[in-house]
Amino acid sequence: VQLQASGGGSVQTGGSLNLSCQASGSASDINVMGWYRQTPGQQREQSDFVARITKGGDTRYAESAKGRFAISRDSDKNTMSLQMIDLKPEDTGVYYCHANRWLVDYWGQGTQVTVSS
């Protein structure tokens with residue numbers, strides 16, 4: 001499974017961004033896809049959980065993301081998106097697309113999100 005993330009950028013507080021992740025390879029039976037945020041000093045695998053969505057559409061969010069972020073998935077196209085509104089400086093970090101398929105974790109390259117005050 002390969003994951004390609006896109007959509008990061010720099011915005012001011014209160015701004016919006018939309019992240020996308022395209023899965024390829026043996027992507028059709030990925031169970032869970034999600035986003036993690038890495039901040040300085042963290043290893044990628046220790047990144048903070050942001051949101052996830054199962055193949056069946058069940059979603060889960062970090063407390064800090066609830067009400068501001070919305071995760072969605074198109075299983076036919078093997079894509080996942082994260083709509084982020086009302087961004088805050090503490091949302092700053094490198095966002096990684098993550099997938100779990102048959103208990104194996106896959107990570108995409110990170111995309112930088114910077115929110116300035």
# chains A, B, ... in the order shown; residues from 1 in each chain; ligands from 1
$ residues_around --residues "Arg44 in chain A" --least-positions-apart "3" --cutoff "12 Å" --atoms "only C-alpha atoms" --output "NGL selection string"
:A and (35-41 or 47-49 or 93-98 or 105-110)
$ select_by_dssp --residues "range 29-104 of chain A" --states "helix (DSSP H, G or I)" --output "list in words"
Arg44, Glu45, Gln46, Pro89, Glu90 and Asp91 of chain A
$ atom_distance --atom1 "CA of Gly15 in chain A" --atom2 "CA of Arg73 in chain A"
22.5 Å
$ closest_residue --among "A:Ser26, A:Gln12, A:Ser72, A:Asn31" --to "Thr54 in chain A" --atoms "only C-alpha atoms"
A:Asn31
$ closest_residue --among "A:Leu103, A:Ala62, A:Val115, A:Met33" --to "Pro89 in chain A" --atoms "only C-alpha atoms"
A:Val115
$ residues_around --residues "Asp29 in chain A" --least-positions-apart "3" --cutoff "9 Å" --atoms "only C-alpha atoms" --output "PyMOL selection string"
chain A and resi 26+55+75+101-102
$ residues_around --residues "Ser28 in chain A" --least-positions-apart "5" --cutoff "9 Å" --atoms "only C-alpha atoms" --output "PyMOL selection string"
chain A and resi 23+75-78
